[in-house]
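Heads up, the thing below is written out as structure tokens.
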Amino acid sequence: MVVTQENAAVNGSSRLSPQEIADILRERIRAGELKAGDRLPTQAELAEEFGVERGTVRQALRALQEDGLLSNVSKGSPPRIAEPAPVREEPQPTMVGLAPLLTEAFSSAQVRIDVVCLTAESLMMALSEPVRRIHEGRTLPESVDVRVLLPGRDINLAFPVPVEGRDGDGGLLHERWLAQRNAQGQVLRHNLLSLRATHGIDVRVSFRALPFTPPVKLYLLNGEKALFSYYRIARREEEWEDRTLDMYNALGSQSLLFSFARQTGRRDRAFVEESQKWFDALWETITTDLTLS
């Protein structure tokens with residue numbers, strides 16, 4: 001459909017808005033009139049077709065670009081219709097889905113991983129795959145910067161906690177959690193820092209203490225992906241120092257991991273960006289130095 005100034009009246013207006021132009025072009029893409037790889041007409045041609053100023057066309061194209069529908073956007077030539085975004089994979093348990101995404105993140109020259117979690121167990125185990133690939137010579141980033149936010153040692157944890165009526169085990173549960181937090185963090189730091197000596201990678205591993213128990217865990221990969229998971233609380237019995245502890249605790253490794261990628265579209269990009277801002281704000285304000293001991 002060709003839209004001219006004469007037939008462009010919408011809601012009593014003689015000119016189409018940027019959003020209306022974007023909607024028309026979006027519909028042409030959906031209907032297959034514009035296919036992946038096709039060049040759009042020039043801004044001048046689109047302005048003439050829609051009977052608007054070039055500035056209006058530029059705003060419409062910017063909206064399509066933010067939706068991930070345009071590629072090769074530059075001042076020198078008209079953009080092309082982008083390839084369809086890959087179908088989002090179904091959420092997977094953390095221990096299944098985290099390692100492949102971390103491995104992908106380690107293919108970048110500068111690797112930046114930011115994490116909020118209860119302990120570093122899932123991160124420690126999932127990082128073994130990208131570390132192994134570095135030792136095999138299959139990938140070699142220039143730098144690796146890992147920042148981890150964990151609950152502080154002196155706070156009253158929301159979980160793990162004793163099941164009602166077993167208050168006497170509260171101290172043991174806290175001692176057990178603290179030992180796990182410290183041991184897993186130390187292994188994580190050792191495995192990453194060893195890459196500096198063996199491969200000359202600029203590695204930084206930092207921990208800070210949260211003043212609260214995080215109800216969710218978050219992994220931010222190179223500022224491009226955000227992996228989000230709810231801690232699912234369940235009643236569990238576990239052995240600790242010859243005792244059976246009856247507790248409410250998180251099933252962290254089994255919780256489903258939801259993935260958001262900046263290039264997928266505006267909603268995903270907003271989630272990644274806001275998650276990064278949230279992490280940075282915590283890191284720079286109410287958290288404190290954490291010593292793994």
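Residue numbering restarts at 1 in every chain; chains get A, B, ... in the order shown in the structure tokens, and ligands count up from 1 in that same order.
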Exercise. Can you list, as a ChimeraX atom specification, every protein, DNA or RNA residue that comes within 12 Å of segment 273-286 of chain A when you count only C-alpha atoms, leaving out same-chain residues fewer than 6 positions away?
Worked result: /A:112-117,147-152,206-212,214,217-228,260-263,266-267
For this session: Pull the helix (DSSP H, G or I) assignments for segment 160-288 of chain A out of DSSP run on the backbone, and list those residues as a PyMOL selection string.
Result: chain A and resi 167-199+262-264+266-284
Problem set entry | Best match for closeness to Val131 of chain A among A:Glu104, A:Ser255, A:Gly68, A:Arg54, counting only C-alpha atoms |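 The answer is A:Glu104, which sits nearest to Val131 of chain A.
The residue that comes closest to Ala120 of chain A, out of A:Asn156, A:Thr103, A:Ser253, A:Thr56 and on the basis of only C-alpha atoms, is A:Ser253.
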For this session: Give the answer as one residue: which of A:Leu140, A:Ile155, A:Ile21, A:Leu64 has the shortest atom-to-atom distance to His199 of chain A, using only C-alpha atoms?
Result: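 Ranked by minimum distance to His199 of chain A, first place goes to A:Leu140.
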For this session: Would you work out the distance separating atom CA of Ala234 of chain A from atom CA of Leu251 of chain A, expressed in Å to one decimal?
Result: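 Answer for the atom CA of Ala234 of chain A to atom CA of Leu251 of chain A separation: 7.0 Å.
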Exercise. Can you list, as a PyMOL selection string, every protein, DNA or RNA residue that comes within 9 Å of Val57 of chain A when you count only C-alpha atoms, leaving out same-chain residues fewer than 2 positions away?
Worked result: chain A and resi 17-18+21-22+43-44+46-47+50+52-55+59-62
